[in-house]
Amino acid sequence: MEKPAGKSRLLVIGLMVMVFSVLYITSTANVGGEKQKKDEKRMLSTLEETLEQMEGLGKVTVYFHYDEKEAESPLAGYFSVSSNTTNHSPLQGLLVVAEGAEDPALRNGLSQLLANVLQLPEHRIVIVEMKKRGNQHESQ
């Protein structure tokens, strides 16, 4: 009659292992999200610095627009057949505010360049002229 007690003990140990593994997975998912945000900030500043080096462009500010889907559970895709699940929302659009973007040829070239680099359709990239500040008396 020792066997039923052994089975229940084994079942309790198995449940405890599952609970601890779920807690571990959810706690490490948040750490990875913070690392991803740091990587995105680094990429954003590098992209802005690189674009500012282009001929005809001055100061550049870039804004990424991501899909605003509800956050899924870290275990949502665990049992799915597909292996190409990602933890971050896909990039939906890009806004570039740049000094010198009033030139249509420059704006078109910049749009094509960003579409190729970011693998984003051109119609999802918006480039606008940066508001001029200071030295407004130069044109008078």
# chains A, B, ... in the order shown; residues from 1 in each chain; ligands from 1
call {"tool": "residues_around", "arguments": {"residues": "Met54 in chain A", "least_positions_apart": "2", "cutoff": "12 Å", "atoms": "only C-alpha atoms", "output": "ChimeraX atom specification"}}
result
/A:47-52,56-60,98-101,106-107,109-110,113
call {"tool": "closest_residue", "arguments": {"among": "A:Glu122, A:Glu129, A:Asp103, A:Glu40", "to": "Tyr66 in chain A", "atoms": "only C-alpha atoms"}}
result
A:Glu40
call {"tool": "atom_distance", "arguments": {"atom1": "CA of Gly93 in chain A", "atom2": "CA of Tyr63 in chain A"}}
result
8.6 Å
call {"tool": "residues_around", "arguments": {"residues": "range 116-119 of chain A", "least_positions_apart": "5", "cutoff": "10 Å", "atoms": "only C-alpha atoms", "output": "PyMOL selection string"}}
result
chain A and resi 91+94+110-111
call {"tool": "write_last_selection", "arguments": {"atoms": "C-alpha atoms", "output": "PDB file, in the first residue's frame"}}
result
ATOM      1  CA  LEU A  91       7.606  47.531 -37.212  1.00  0.00           C
ATOM      2  CA  LEU A  94       8.598  55.095 -39.679  1.00  0.00           C
ATOM      3  CA  LEU A 110      16.029  58.896 -48.236  1.00  0.00           C
ATOM      4  CA  SER A 111      12.725  57.038 -48.447  1.00  0.00           C
TER       5      SER A 111
END
call {"tool": "atom_distance", "arguments": {"atom1": "CA of Val97 in chain A", "atom2": "CA of Lys38 in chain A"}}
result
22.0 Å
call {"tool": "atom_distance", "arguments": {"atom1": "CA of Phe64 in chain A", "atom2": "CA of Leu120 in chain A"}}
result
11.4 Å
call {"tool": "closest_residue", "arguments": {"among": "A:Lys7, A:Lys41, A:Lys131, A:His65", "to": "Glu102 in chain A", "atoms": "only C-alpha atoms"}}
result
A:Lys131
